[in-house]
>>> print(open('target.cif').read())   # mmCIF, C-alpha atoms
data_query
loop_
_atom_site.label_atom_id
_atom_site.label_comp_id
_atom_site.auth_asym_id
_atom_site.auth_seq_id
_atom_site.Cartn_x
_atom_site.Cartn_y
_atom_site.Cartn_z
CA MET A 1 -72.14 -95.33 -76.62
CA PRO A 2 -74.65 -98.18 -76.41
CA THR A 3 -72.99 -101.52 -76.92
CA LYS A 4 -74.30 -104.47 -78.90
CA ARG A 5 -75.19 -106.23 -75.68
CA MET A 6 -77.18 -103.26 -74.43
CA MET A 7 -79.09 -102.90 -77.70
CA GLU A 8 -80.05 -106.57 -78.02
CA PRO A 9 -82.90 -106.46 -75.41
CA PHE A 10 -84.17 -103.25 -77.04
CA TRP A 11 -84.52 -104.90 -80.47
CA TRP A 12 -85.90 -108.05 -78.89
CA ALA A 13 -88.62 -106.03 -77.10
CA LEU A 14 -89.61 -104.39 -80.40
CA PHE A 15 -89.56 -107.86 -82.04
CA GLY A 16 -91.87 -109.19 -79.32
CA ALA A 17 -94.24 -106.23 -79.58
CA GLY A 18 -94.26 -106.42 -83.39
CA GLY A 19 -94.85 -110.16 -83.44
CA THR A 20 -97.78 -109.78 -81.05
CA VAL A 21 -99.32 -106.95 -83.09
CA ALA A 22 -98.86 -109.05 -86.25
CA ALA A 23 -100.38 -112.15 -84.63
CA LEU A 24 -103.46 -110.29 -83.32
CA LEU A 25 -104.20 -107.82 -86.12
CA VAL A 26 -102.58 -108.75 -89.44
CA PRO A 27 -104.70 -111.78 -90.51
CA ILE A 28 -108.02 -109.91 -90.40
CA HIS A 29 -106.55 -106.84 -92.14
CA LEU A 30 -104.95 -109.03 -94.80
CA PHE A 31 -108.27 -110.71 -95.41
CA LEU A 32 -110.27 -107.46 -95.50
CA GLN A 33 -107.88 -105.28 -97.54
CA GLY A 34 -106.05 -107.88 -99.56
CA ILE A 35 -108.86 -110.27 -100.48
CA ALA A 36 -112.36 -109.10 -99.49
CA ALA A 37 -112.13 -105.47 -100.64
CA PRO A 38 -110.46 -106.12 -104.05
CA LEU A 39 -113.00 -108.88 -104.76
CA GLY A 40 -115.84 -106.50 -103.89
CA TRP A 41 -117.12 -108.38 -100.83
CA VAL A 42 -116.74 -105.30 -98.63
CA SER A 43 -116.11 -101.65 -99.32
CA ILE A 44 -113.80 -99.96 -96.84
CA ASN A 45 -114.79 -96.40 -96.02
CA PRO A 46 -111.90 -94.13 -97.12
CA THR A 47 -112.92 -91.35 -94.70
CA LEU A 48 -111.99 -93.68 -91.79
CA PHE A 49 -108.32 -93.02 -92.50
CA GLY A 50 -108.67 -89.34 -91.65
CA HIS A 51 -109.32 -89.85 -87.93
CA LEU A 52 -106.45 -89.30 -85.50
CA LEU A 53 -107.20 -92.49 -83.54
CA VAL A 54 -107.25 -94.54 -86.73
CA LYS A 55 -103.92 -92.98 -87.73
CA LEU A 56 -102.36 -93.87 -84.38
CA TYR A 57 -103.71 -97.39 -84.77
CA LEU A 58 -102.30 -97.66 -88.31
CA PHE A 59 -98.94 -96.37 -87.11
CA VAL A 60 -98.73 -99.17 -84.52
CA LEU A 61 -100.12 -101.76 -86.96
CA ILE A 62 -97.59 -100.94 -89.70
CA SER A 63 -94.43 -99.91 -87.82
CA LEU A 64 -94.09 -102.51 -85.05
CA PRO A 65 -94.25 -105.65 -87.24
CA LEU A 66 -91.37 -104.17 -89.29
CA TYR A 67 -89.13 -104.84 -86.24
CA HIS A 68 -90.52 -108.36 -86.07
CA TRP A 69 -89.47 -108.80 -89.69
CA ALA A 70 -86.04 -107.21 -89.10
CA HIS A 71 -85.22 -109.49 -86.17
CA ARG A 72 -86.36 -112.68 -87.87
CA PHE A 73 -84.76 -111.85 -91.20
CA ARG A 74 -81.48 -111.03 -89.48
CA TYR A 75 -81.30 -114.35 -87.66
CA THR A 76 -82.55 -116.30 -90.70
CA LEU A 77 -79.63 -114.89 -92.72
CA TYR A 78 -77.29 -115.97 -89.91
CA ASP A 79 -78.91 -119.42 -89.88
CA LEU A 80 -78.48 -119.72 -93.63
CA GLY A 81 -74.77 -119.34 -93.08
CA VAL A 82 -74.13 -115.71 -94.03
CA LYS A 83 -71.19 -115.44 -91.64
CA GLY A 84 -68.68 -112.68 -91.34
CA MET A 85 -71.25 -109.96 -92.13
CA ARG A 86 -73.21 -110.09 -88.89
CA GLN A 87 -72.82 -106.42 -88.05
CA PRO A 88 -73.79 -105.04 -91.51
CA ILE A 89 -76.77 -107.42 -91.67
CA ALA A 90 -78.03 -106.27 -88.26
CA VAL A 91 -77.57 -102.59 -89.16
CA LEU A 92 -79.33 -103.10 -92.52
CA CYS A 93 -82.33 -105.03 -91.09
CA TYR A 94 -83.01 -102.73 -88.14
CA GLY A 95 -82.16 -99.72 -90.31
CA ILE A 96 -84.90 -100.67 -92.80
CA ALA A 97 -87.36 -100.99 -89.90
CA VAL A 98 -86.39 -97.58 -88.49
CA VAL A 99 -86.68 -95.93 -91.94
CA GLY A 100 -90.05 -97.69 -92.39
CA THR A 101 -91.23 -96.28 -89.08
CA ILE A 102 -90.25 -92.73 -90.08
CA VAL A 103 -91.88 -93.07 -93.54
CA THR A 104 -95.07 -94.46 -91.95
CA ALA A 105 -95.25 -91.55 -89.50
CA TRP A 106 -94.55 -89.05 -92.30
CA ILE A 107 -97.26 -90.47 -94.62
CA LEU A 108 -99.87 -90.65 -91.85
CA TRP A 109 -99.22 -87.20 -90.38
CA ARG A 110 -98.90 -85.41 -93.70
CA GLY A 111 -102.37 -86.44 -94.84
CA MET B 1 -62.19 -106.98 -63.85
CA THR B 2 -60.87 -109.60 -66.20
CA ALA B 3 -60.12 -108.84 -69.82
CA ALA B 4 -63.15 -108.78 -72.12
CA ARG B 5 -63.89 -112.16 -73.65
CA PRO B 6 -64.44 -112.49 -77.37
CA ASP B 7 -68.09 -112.96 -78.35
CA ARG B 8 -67.51 -116.63 -79.14
CA PRO B 9 -64.51 -118.90 -79.10
CA LYS B 10 -62.71 -119.02 -82.40
CA MET B 11 -61.54 -122.62 -82.08
CA PHE B 12 -64.64 -124.40 -83.34
CA GLN B 13 -66.64 -123.11 -86.29
CA PRO B 14 -69.25 -125.71 -87.28
CA LYS B 15 -70.04 -125.71 -90.99
CA MET B 16 -73.67 -126.07 -91.92
CA PRO B 17 -74.77 -126.66 -95.51
CA ALA B 18 -77.02 -123.79 -96.66
CA ASN B 19 -79.88 -126.23 -97.33
CA TRP B 20 -79.97 -127.70 -93.79
CA TRP B 21 -83.58 -126.53 -93.44
CA LEU B 22 -84.70 -128.89 -96.26
CA LYS B 23 -83.48 -131.95 -94.38
CA HIS B 24 -86.23 -132.31 -91.81
CA PRO B 25 -89.93 -131.33 -91.90
CA LYS B 26 -89.54 -129.48 -88.58
CA TYR B 27 -86.65 -127.40 -89.92
CA PHE B 28 -88.76 -126.62 -93.00
CA LEU B 29 -91.70 -125.47 -90.85
CA PHE B 30 -89.27 -123.32 -88.86
CA MET B 31 -88.18 -121.69 -92.12
CA LEU B 32 -91.81 -121.13 -93.18
CA ARG B 33 -92.45 -119.41 -89.84
CA GLU B 34 -89.44 -117.14 -90.37
CA LEU B 35 -90.62 -116.46 -93.94
CA SER B 36 -94.08 -115.43 -92.66
CA SER B 37 -92.50 -112.21 -91.33
CA VAL B 38 -91.47 -111.31 -94.91
CA PHE B 39 -95.01 -111.73 -96.28
CA ILE B 40 -96.46 -109.76 -93.37
CA ALA B 41 -93.94 -106.94 -93.95
CA ILE B 42 -94.68 -106.83 -97.72
CA PHE B 43 -98.42 -106.65 -97.01
CA LEU B 44 -97.90 -103.77 -94.58
CA VAL B 45 -95.79 -101.87 -97.14
CA VAL B 46 -98.54 -102.37 -99.76
CA PHE B 47 -101.07 -101.18 -97.16
CA LEU B 48 -98.93 -98.10 -96.47
CA ILE B 49 -98.79 -97.33 -100.21
CA GLN B 50 -102.57 -97.70 -100.32
CA ILE B 51 -102.92 -95.18 -97.47
CA ALA B 52 -100.52 -92.80 -99.24
CA GLN B 53 -102.62 -93.02 -102.44
CA LEU B 54 -105.78 -92.46 -100.41
CA LEU B 55 -104.33 -89.29 -98.89
CA ARG B 56 -103.37 -88.08 -102.38
CA GLY B 57 -107.00 -88.13 -103.43
CA PRO B 58 -109.95 -90.32 -104.45
CA ALA B 59 -108.72 -90.87 -108.04
CA ALA B 60 -105.29 -92.19 -106.98
CA TYR B 61 -106.96 -94.42 -104.38
CA LYS B 62 -109.44 -95.86 -106.90
CA ALA B 63 -106.61 -96.63 -109.32
CA PHE B 64 -104.64 -98.42 -106.62
CA VAL B 65 -107.63 -100.52 -105.51
CA GLN B 66 -108.10 -101.41 -109.16
CA THR B 67 -104.48 -102.60 -109.30
CA LEU B 68 -105.09 -104.89 -106.31
CA ARG B 69 -107.84 -106.65 -108.30
CA ALA B 70 -105.24 -108.20 -110.60
CA PRO B 71 -105.08 -112.01 -110.18
CA GLY B 72 -101.39 -111.79 -109.22
CA TRP B 73 -102.17 -109.51 -106.30
CA ILE B 74 -105.13 -111.65 -105.17
CA ILE B 75 -102.90 -114.75 -105.20
CA PHE B 76 -100.18 -112.87 -103.31
CA HIS B 77 -102.67 -111.79 -100.65
CA ILE B 78 -104.12 -115.30 -100.29
CA VAL B 79 -100.61 -116.73 -99.80
CA ALA B 80 -99.73 -113.90 -97.40
CA PHE B 81 -102.98 -114.52 -95.49
CA LEU B 82 -102.05 -118.20 -94.99
CA PHE B 83 -98.59 -117.15 -93.80
CA ALA B 84 -100.17 -114.64 -91.42
CA LEU B 85 -102.40 -117.35 -89.96
CA TYR B 86 -99.35 -119.57 -89.52
CA HIS B 87 -97.52 -116.75 -87.77
CA SER B 88 -100.43 -116.17 -85.36
CA ILE B 89 -100.76 -119.87 -84.49
CA THR B 90 -97.02 -120.37 -83.90
CA TRP B 91 -96.72 -117.04 -82.06
CA PHE B 92 -99.37 -117.81 -79.45
CA GLU B 93 -98.02 -121.33 -79.01
CA ALA B 94 -94.49 -120.02 -78.49
CA ALA B 95 -95.75 -117.29 -76.14
CA SER B 96 -97.32 -119.93 -73.89
CA LYS B 97 -93.90 -121.51 -73.43
CA ILE B 98 -92.10 -118.21 -72.81
CA LEU B 99 -94.67 -116.52 -70.54
CA VAL B 100 -94.61 -118.12 -67.11
CA ILE B 101 -97.73 -116.86 -65.35
CA ARG B 102 -98.23 -117.90 -61.75
CA ARG B 103 -101.42 -118.10 -59.79
CA GLY B 104 -100.48 -118.58 -56.15
CA GLU B 105 -97.86 -121.30 -56.06
CA HIS B 106 -98.80 -122.95 -59.34
CA ARG B 107 -97.90 -122.09 -62.87
CA VAL B 108 -100.89 -121.43 -65.12
CA PRO B 109 -100.75 -124.36 -67.60
CA PRO B 110 -99.32 -123.39 -71.02
CA GLN B 111 -102.45 -124.65 -72.80
CA ASP B 112 -104.49 -122.05 -70.84
CA VAL B 113 -102.11 -119.31 -71.98
CA VAL B 114 -102.52 -120.54 -75.59
CA ALA B 115 -106.31 -120.43 -75.13
CA VAL B 116 -106.14 -116.81 -73.90
CA GLY B 117 -104.04 -115.84 -76.92
CA PHE B 118 -106.35 -117.51 -79.42
CA THR B 119 -109.42 -116.01 -77.73
CA ALA B 120 -107.89 -112.51 -77.83
CA TRP B 121 -107.02 -113.02 -81.51
CA GLY B 122 -110.61 -114.08 -82.28
CA VAL B 123 -112.22 -111.24 -80.33
CA VAL B 124 -109.94 -108.56 -81.83
CA SER B 125 -110.46 -109.90 -85.37
CA PHE B 126 -114.25 -109.96 -84.87
CA VAL B 127 -114.31 -106.39 -83.50
CA ILE B 128 -112.27 -105.09 -86.50
CA LEU B 129 -114.52 -106.98 -88.92
CA VAL B 130 -117.70 -105.56 -87.32
CA LEU B 131 -116.28 -102.01 -87.23
CA VAL B 132 -115.27 -102.13 -90.92
CA LEU B 133 -118.70 -103.52 -91.89
CA LEU B 134 -120.64 -101.00 -89.76
CA LEU B 135 -118.63 -98.02 -91.01
CA ARG B 136 -118.47 -99.12 -94.66
CA SER B 137 -119.07 -96.56 -97.34
#
>>> encode(input="target.cif", output="C-alpha coordinates")
Amino acid sequence: MPTKRMMEPFWWALFGAGGTVAALLVPIHLFLQGIAAPLGWVSINPTLFGHLLVKLYLFVLISLPLYHWAHRFRYTLYDLGVKGMRQPIAVLCYGIAVVGTIVTAWILWRG
Amino acid sequence: MTAARPDRPKMFQPKMPANWWLKHPKYFLFMLRELSSVFIAIFLVVFLIQIAQLLRGPAAYKAFVQTLRAPGWIIFHIVAFLFALYHSITWFEAASKILVIRRGEHRVPPQDVVAVGFTAWGVVSFVILVLVLLLRS
(Lines of atoms letter the chains of each structure in order from A and count residues from 1; the text may use other names and numbers.)
(Lines give C-alpha, C1' and ligand atoms only; values in the text may rest on other atoms or scores of the structure.)
Protein backbone atom coordinates (compact mmCIF):
# COMPACT_ATOMS: atom_id res chain seq x y z
CA MET A 1 0.00 0.00 0.00
CA PRO A 2 1.41 3.41 -0.92
CA THR A 3 2.47 5.34 2.13
CA LYS A 4 1.98 9.04 2.80
CA ARG A 5 5.63 9.64 2.05
CA MET A 6 5.39 7.90 -1.30
CA MET A 7 2.27 9.81 -2.32
CA GLU A 8 3.60 13.26 -1.42
CA PRO A 9 5.83 13.65 -4.55
CA PHE A 10 2.92 12.42 -6.69
CA TRP A 11 0.58 15.16 -5.43
CA TRP A 12 3.37 17.71 -5.58
CA ALA A 13 4.02 16.86 -9.25
CA LEU A 14 0.33 17.33 -10.05
CA PHE A 15 0.40 20.61 -8.05
CA GLY A 16 3.39 21.80 -10.10
CA ALA A 17 1.79 20.81 -13.40
CA GLY A 18 -1.53 22.39 -12.42
CA GLY A 19 0.08 25.61 -11.23
CA THR A 20 1.99 25.90 -14.50
CA VAL A 21 -1.12 25.27 -16.60
CA ALA A 22 -3.01 27.85 -14.51
CA ALA A 23 -0.21 30.41 -14.82
CA LEU A 24 0.08 30.05 -18.61
CA LEU A 25 -3.54 29.56 -19.69
CA VAL A 26 -6.07 30.70 -17.09
CA PRO A 27 -5.71 34.53 -17.29
CA ILE A 28 -6.50 34.73 -21.01
CA HIS A 29 -9.40 32.25 -20.71
CA LEU A 30 -10.78 34.12 -17.71
CA PHE A 31 -10.64 37.35 -19.66
CA LEU A 32 -12.20 35.88 -22.82
CA GLN A 33 -14.95 33.74 -21.26
CA GLY A 34 -15.58 35.58 -18.02
CA ILE A 35 -15.39 39.20 -19.15
CA ALA A 36 -15.08 39.71 -22.93
CA ALA A 37 -17.73 37.21 -24.08
CA PRO A 38 -20.46 38.14 -21.54
CA LEU A 39 -19.92 41.84 -22.30
CA GLY A 40 -20.25 41.11 -26.03
CA TRP A 41 -16.69 42.08 -27.03
CA VAL A 42 -16.08 38.67 -28.61
CA SER A 43 -18.31 35.78 -29.55
CA ILE A 44 -16.80 32.37 -28.91
CA ASN A 45 -17.67 29.80 -31.55
CA PRO A 46 -19.61 26.99 -29.83
CA THR A 47 -18.69 24.45 -32.54
CA LEU A 48 -15.03 24.70 -31.38
CA PHE A 49 -15.90 22.58 -28.36
CA GLY A 50 -16.77 19.58 -30.52
CA HIS A 51 -13.23 18.92 -31.73
CA LEU A 52 -11.25 16.13 -30.10
CA LEU A 53 -8.09 18.24 -29.78
CA VAL A 54 -10.04 21.05 -28.13
CA LYS A 55 -11.56 18.52 -25.73
CA LEU A 56 -8.14 17.16 -24.80
CA TYR A 57 -6.95 20.72 -24.28
CA LEU A 58 -9.98 21.54 -22.10
CA PHE A 59 -9.41 18.38 -20.07
CA VAL A 60 -5.85 19.47 -19.26
CA LEU A 61 -6.91 23.10 -18.70
CA ILE A 62 -9.68 22.20 -16.23
CA SER A 63 -8.40 19.09 -14.43
CA LEU A 64 -4.75 19.89 -13.64
CA PRO A 65 -5.33 23.23 -11.83
CA LEU A 66 -7.76 21.38 -9.53
CA TYR A 67 -4.70 19.62 -8.04
CA HIS A 68 -3.00 22.99 -7.69
CA TRP A 69 -6.03 24.16 -5.72
CA ALA A 70 -6.15 20.96 -3.62
CA HIS A 71 -2.49 21.20 -2.60
CA ARG A 72 -2.62 24.89 -1.73
CA PHE A 73 -5.95 24.69 0.07
CA ARG A 74 -4.71 21.73 2.11
CA TYR A 75 -1.61 23.54 3.32
CA THR A 76 -3.48 26.82 3.86
CA LEU A 77 -5.86 25.00 6.21
CA TYR A 78 -2.82 23.59 8.04
CA ASP A 79 -1.30 27.08 8.19
CA LEU A 80 -4.52 28.49 9.59
CA GLY A 81 -4.12 26.11 12.48
CA VAL A 82 -6.57 23.32 11.62
CA LYS A 83 -4.50 20.72 13.46
CA GLY A 84 -5.42 17.19 14.31
CA MET A 85 -7.38 16.69 11.06
CA ARG A 86 -4.45 16.58 8.66
CA GLN A 87 -5.32 13.22 7.14
CA PRO A 88 -9.05 13.94 6.52
CA ILE A 89 -8.19 17.36 5.06
CA ALA A 90 -5.67 15.83 2.65
CA VAL A 91 -8.11 13.09 1.60
CA LEU A 92 -10.92 15.63 1.13
CA CYS A 93 -8.83 18.12 -0.93
CA TYR A 94 -7.23 15.58 -3.26
CA GLY A 95 -10.49 13.63 -3.36
CA ILE A 96 -12.35 16.69 -4.69
CA ALA A 97 -9.65 17.11 -7.36
CA VAL A 98 -9.89 13.44 -8.40
CA VAL A 99 -13.71 13.60 -8.56
CA GLY A 100 -13.40 16.85 -10.56
CA THR A 101 -11.08 15.12 -13.01
CA ILE A 102 -13.54 12.24 -13.52
CA VAL A 103 -16.51 14.62 -13.94
CA THR A 104 -14.53 16.74 -16.44
CA ALA A 105 -13.63 13.65 -18.49
CA TRP A 106 -17.23 12.41 -18.34
CA ILE A 107 -18.73 15.76 -19.48
CA LEU A 108 -16.21 16.19 -22.31
CA TRP A 109 -16.42 12.64 -23.65
CA ARG A 110 -20.19 12.33 -23.38
CA GLY A 111 -20.81 15.32 -25.63
CA MET B 1 16.79 -0.81 10.74
CA THR B 2 15.88 1.42 13.62
CA ALA B 3 12.31 1.80 14.79
CA ALA B 4 10.17 4.16 12.70
CA ARG B 5 10.29 7.74 13.95
CA PRO B 6 7.09 9.66 14.52
CA ASP B 7 6.36 12.25 11.83
CA ARG B 8 7.28 15.09 14.16
CA PRO B 9 8.39 15.31 17.75
CA LYS B 10 5.51 15.72 20.15
CA MET B 11 7.42 17.79 22.70
CA PHE B 12 7.03 21.23 21.14
CA GLN B 13 3.78 22.35 19.54
CA PRO B 14 4.00 26.06 18.70
CA LYS B 15 0.67 27.85 18.92
CA MET B 16 -0.08 30.33 16.17
CA PRO B 17 -3.04 32.68 16.35
CA ALA B 18 -5.40 32.04 13.41
CA ASN B 19 -4.96 35.64 12.20
CA TRP B 20 -1.14 35.50 11.93
CA TRP B 21 -1.41 36.31 8.22
CA LEU B 22 -2.90 39.75 8.99
CA LYS B 23 0.16 40.80 10.97
CA HIS B 24 2.58 41.52 8.15
CA PRO B 25 1.99 42.67 4.54
CA LYS B 26 4.15 39.80 3.25
CA TYR B 27 2.07 37.22 5.12
CA PHE B 28 -1.06 38.84 3.70
CA LEU B 29 0.29 38.64 0.13
CA PHE B 30 1.17 34.99 0.77
CA MET B 31 -2.46 34.40 1.78
CA LEU B 32 -3.72 36.20 -1.35
CA ARG B 33 -1.51 33.95 -3.47
CA GLU B 34 -2.94 30.86 -1.78
CA LEU B 35 -6.45 32.27 -2.24
CA SER B 36 -5.83 32.74 -5.99
CA SER B 37 -6.04 28.95 -6.40
CA VAL B 38 -9.63 29.07 -5.05
CA PHE B 39 -10.73 31.71 -7.58
CA ILE B 40 -9.03 29.83 -10.42
CA ALA B 41 -10.75 26.58 -9.38
CA ILE B 42 -14.19 28.28 -9.16
CA PHE B 43 -13.70 29.78 -12.63
CA LEU B 44 -12.80 26.38 -14.06
CA VAL B 45 -15.89 24.79 -12.48
CA VAL B 46 -18.07 27.56 -13.99
CA PHE B 47 -16.31 26.95 -17.33
CA LEU B 48 -17.03 23.22 -17.04
CA ILE B 49 -20.72 23.95 -16.36
CA GLN B 50 -20.71 26.20 -19.43
CA ILE B 51 -19.29 23.36 -21.55
CA ALA B 52 -21.89 20.95 -20.13
CA GLN B 53 -24.70 23.40 -21.07
CA LEU B 54 -23.19 23.80 -24.52
CA LEU B 55 -23.21 20.05 -25.06
CA ARG B 56 -26.86 19.92 -23.94
CA GLY B 57 -27.84 22.20 -26.79
CA PRO B 58 -27.83 25.79 -28.10
CA ALA B 59 -30.78 26.93 -25.93
CA ALA B 60 -29.19 25.80 -22.64
CA TYR B 61 -25.90 27.41 -23.70
CA LYS B 62 -27.55 30.74 -24.58
CA ALA B 63 -29.33 30.80 -21.22
CA PHE B 64 -26.08 30.17 -19.37
CA VAL B 65 -24.20 32.90 -21.27
CA GLN B 66 -27.09 35.21 -20.39
CA THR B 67 -26.62 34.33 -16.71
CA LEU B 68 -22.93 35.30 -16.92
CA ARG B 69 -23.99 38.81 -18.03
CA ALA B 70 -25.31 39.55 -14.54
CA PRO B 71 -23.24 42.26 -12.78
CA GLY B 72 -22.41 39.85 -9.94
CA TRP B 73 -20.82 37.39 -12.34
CA ILE B 74 -18.91 40.13 -14.19
CA ILE B 75 -17.52 41.41 -10.87
CA PHE B 76 -16.61 37.86 -9.83
CA HIS B 77 -14.76 37.29 -13.10
CA ILE B 78 -12.90 40.62 -12.86
CA VAL B 79 -11.76 39.76 -9.31
CA ALA B 80 -10.86 36.21 -10.40
CA PHE B 81 -8.93 37.64 -13.38
CA LEU B 82 -6.83 39.83 -11.05
CA PHE B 83 -6.17 36.81 -8.82
CA ALA B 84 -5.18 34.77 -11.89
CA LEU B 85 -2.70 37.47 -12.93
CA TYR B 86 -1.27 37.47 -9.42
CA HIS B 87 -0.92 33.69 -9.53
CA SER B 88 0.93 33.82 -12.87
CA ILE B 89 3.34 36.53 -11.70
CA THR B 90 4.16 34.80 -8.40
CA TRP B 91 4.33 31.38 -10.09
CA PHE B 92 6.96 32.34 -12.65
CA GLU B 93 8.95 34.22 -10.01
CA ALA B 94 8.90 31.21 -7.69
CA ALA B 95 9.77 28.86 -10.56
CA SER B 96 12.92 30.87 -11.27
CA LYS B 97 14.10 30.18 -7.72
CA ILE B 98 13.22 26.47 -7.81
CA LEU B 99 14.46 25.62 -11.32
CA VAL B 100 18.25 25.54 -11.37
CA ILE B 101 19.20 25.49 -15.04
CA ARG B 102 22.88 25.21 -15.87
CA ARG B 103 24.66 26.26 -19.00
CA GLY B 104 28.16 24.79 -18.85
CA GLU B 105 29.49 25.53 -15.39
CA HIS B 106 27.27 28.51 -14.68
CA ARG B 107 23.74 28.71 -13.43
CA VAL B 108 21.38 30.57 -15.77
CA PRO B 109 20.46 33.69 -13.74
CA PRO B 110 16.99 33.49 -12.12
CA GLN B 111 15.90 36.73 -13.82
CA ASP B 112 16.47 35.01 -17.21
CA VAL B 113 14.27 32.10 -16.12
CA VAL B 114 11.58 34.62 -15.06
CA ALA B 115 11.87 36.29 -18.48
CA VAL B 116 11.37 32.94 -20.25
CA GLY B 117 8.28 32.25 -18.16
CA PHE B 118 6.73 35.66 -18.80
CA THR B 119 7.53 35.42 -22.51
CA ALA B 120 5.92 31.97 -22.75
CA TRP B 121 2.85 33.30 -20.89
CA GLY B 122 2.57 36.24 -23.31
CA VAL B 123 3.03 34.13 -26.45
CA VAL B 124 0.53 31.45 -25.32
CA SER B 125 -2.05 34.08 -24.32
CA PHE B 126 -1.64 35.86 -27.67
CA VAL B 127 -2.01 32.62 -29.66
CA ILE B 128 -5.23 31.70 -27.77
CA LEU B 129 -6.60 35.22 -28.27
CA VAL B 130 -5.86 35.14 -32.03
CA LEU B 131 -7.33 31.62 -32.42
CA VAL B 132 -10.56 32.59 -30.62
CA LEU B 133 -10.87 35.76 -32.72
CA LEU B 134 -10.12 34.01 -36.02
CA LEU B 135 -12.53 31.15 -35.33
CA ARG B 136 -15.30 33.28 -33.83
CA SER B 137 -18.85 32.61 -34.85
>>> closest_atom_pairs(input="target.cif", of="chain A", to="chain B", cutoff="8 Å", atoms="all atoms listed in the file", output="JSON lines")
{"residue": "A:Gly19", "atom": "CA", "partner": "B:Trp91", "partner_atom": "CA", "distance": 7.3}
{"residue": "A:Thr20", "atom": "CA", "partner": "B:Trp91", "partner_atom": "CA", "distance": 7.4}
{"residue": "A:Ala22", "atom": "CA", "partner": "B:Ser88", "partner_atom": "CA", "distance": 7.3}
{"residue": "A:Ala23", "atom": "CA", "partner": "B:Ser88", "partner_atom": "CA", "distance": 4.1}
{"residue": "A:Leu24", "atom": "CA", "partner": "B:Trp121", "partner_atom": "CA", "distance": 4.8}
{"residue": "A:Leu25", "atom": "CA", "partner": "B:Ser125", "partner_atom": "CA", "distance": 6.6}
{"residue": "A:Val26", "atom": "CA", "partner": "B:Ala84", "partner_atom": "CA", "distance": 6.7}
{"residue": "A:Pro27", "atom": "CA", "partner": "B:Ala84", "partner_atom": "CA", "distance": 5.4}
{"residue": "A:Ile28", "atom": "CA", "partner": "B:Ser125", "partner_atom": "CA", "distance": 5.6}
{"residue": "A:Leu30", "atom": "CA", "partner": "B:Phe81", "partner_atom": "CA", "distance": 5.9}
{"residue": "A:Phe31", "atom": "CA", "partner": "B:Phe81", "partner_atom": "CA", "distance": 6.5}
{"residue": "A:Leu32", "atom": "CA", "partner": "B:Leu129", "partner_atom": "CA", "distance": 7.8}
{"residue": "A:Gln33", "atom": "CA", "partner": "B:Phe47", "partner_atom": "CA", "distance": 8.0}
{"residue": "A:Gly34", "atom": "CA", "partner": "B:His77", "partner_atom": "CA", "distance": 5.3}
{"residue": "A:Ile35", "atom": "CA", "partner": "B:Ile74", "partner_atom": "CA", "distance": 6.1}
{"residue": "A:Pro38", "atom": "CA", "partner": "B:Arg69", "partner_atom": "CA", "distance": 5.0}
{"residue": "A:Leu39", "atom": "CA", "partner": "B:Arg69", "partner_atom": "CA", "distance": 6.6}
{"residue": "A:Val42", "atom": "CA", "partner": "B:Leu133", "partner_atom": "CA", "distance": 7.2}
{"residue": "A:Ser43", "atom": "CA", "partner": "B:Arg136", "partner_atom": "CA", "distance": 5.8}
{"residue": "A:Ile44", "atom": "CA", "partner": "B:Arg136", "partner_atom": "CA", "distance": 5.2}
{"residue": "A:Asn45", "atom": "CA", "partner": "B:Ser137", "partner_atom": "CA", "distance": 4.5}
{"residue": "A:Pro46", "atom": "CA", "partner": "B:Leu54", "partner_atom": "CA", "distance": 7.1}
{"residue": "A:Leu48", "atom": "CA", "partner": "B:Leu135", "partner_atom": "CA", "distance": 8.0}
{"residue": "A:Phe49", "atom": "CA", "partner": "B:Ile51", "partner_atom": "CA", "distance": 7.7}
{"residue": "A:Ile62", "atom": "CA", "partner": "B:Leu44", "partner_atom": "CA", "distance": 5.6}
{"residue": "A:Pro65", "atom": "CA", "partner": "B:Ala41", "partner_atom": "CA", "distance": 6.8}
{"residue": "A:Leu66", "atom": "CA", "partner": "B:Ala41", "partner_atom": "CA", "distance": 6.0}
{"residue": "A:His68", "atom": "CA", "partner": "B:Ser37", "partner_atom": "CA", "distance": 6.8}
{"residue": "A:Trp69", "atom": "CA", "partner": "B:Ser37", "partner_atom": "CA", "distance": 4.8}
{"residue": "A:Arg72", "atom": "CA", "partner": "B:Glu34", "partner_atom": "CA", "distance": 6.0}
{"residue": "A:Phe73", "atom": "CA", "partner": "B:Glu34", "partner_atom": "CA", "distance": 7.1}
{"residue": "A:Thr76", "atom": "CA", "partner": "B:Glu34", "partner_atom": "CA", "distance": 6.9}
{"residue": "A:Leu80", "atom": "CA", "partner": "B:Ala18", "partner_atom": "CA", "distance": 5.3}
{"residue": "A:Gly81", "atom": "CA", "partner": "B:Ala18", "partner_atom": "CA", "distance": 6.1}
{"residue": "A:Thr104", "atom": "CA", "partner": "B:Leu48", "partner_atom": "CA", "distance": 7.0}
{"residue": "A:Ile107", "atom": "CA", "partner": "B:Ala52", "partner_atom": "CA", "distance": 6.1}
{"residue": "A:Leu108", "atom": "CA", "partner": "B:Ala52", "partner_atom": "CA", "distance": 7.7}
{"residue": "A:Gly111", "atom": "CA", "partner": "B:Leu55", "partner_atom": "CA", "distance": 5.3}
>>> atom_distance(input="target.cif", atom1="atom CA of Met85 of chain A", atom2="atom CA of Glu8 of chain A")
17.0 Å
>>> closest_residue(input="target.cif", among="A:Leu52, A:Ala17, A:Ala70, A:Ala37", to="Gly95 of chain A", atoms="all atoms listed in the file")
A:Ala70
>>> atom_distance(input="target.cif", atom1="atom CA of Tyr67 of chain A", atom2="atom CA of Phe15 of chain A")
5.2 Å
>>> resolve_selection(input="target.cif", expression="the PyMOL selection byres ((chain B and resi 96) around 10)", output="mmCIF file with C-alpha atoms, in the coordinates of the input")
data_model
loop_
_atom_site.group_PDB
_atom_site.id
_atom_site.type_symbol
_atom_site.label_atom_id
_atom_site.label_comp_id
_atom_site.auth_asym_id
_atom_site.auth_seq_id
_atom_site.Cartn_x
_atom_site.Cartn_y
_atom_site.Cartn_z
ATOM 1 C CA TRP B 91 -96.720 -117.040 -82.060
ATOM 2 C CA PHE B 92 -99.370 -117.810 -79.450
ATOM 3 C CA GLU B 93 -98.020 -121.330 -79.010
ATOM 4 C CA ALA B 94 -94.490 -120.020 -78.490
ATOM 5 C CA ALA B 95 -95.750 -117.290 -76.140
ATOM 6 C CA LYS B 97 -93.900 -121.510 -73.430
ATOM 7 C CA ILE B 98 -92.100 -118.210 -72.810
ATOM 8 C CA LEU B 99 -94.670 -116.520 -70.540
ATOM 9 C CA VAL B 100 -94.610 -118.120 -67.110
ATOM 10 C CA ILE B 101 -97.730 -116.860 -65.350
ATOM 11 C CA VAL B 108 -100.890 -121.430 -65.120
ATOM 12 C CA PRO B 109 -100.750 -124.360 -67.600
ATOM 13 C CA PRO B 110 -99.320 -123.390 -71.020
ATOM 14 C CA GLN B 111 -102.450 -124.650 -72.800
ATOM 15 C CA ASP B 112 -104.490 -122.050 -70.840
ATOM 16 C CA VAL B 113 -102.110 -119.310 -71.980
ATOM 17 C CA VAL B 114 -102.520 -120.540 -75.590
ATOM 18 C CA ALA B 115 -106.310 -120.430 -75.130
ATOM 19 C CA VAL B 116 -106.140 -116.810 -73.900
ATOM 20 C CA GLY B 117 -104.040 -115.840 -76.920
#
>>> atom_distance(input="target.cif", atom1="atom CA of Val60 of chain A", atom2="atom CA of Val98 of chain A")
13.1 Å
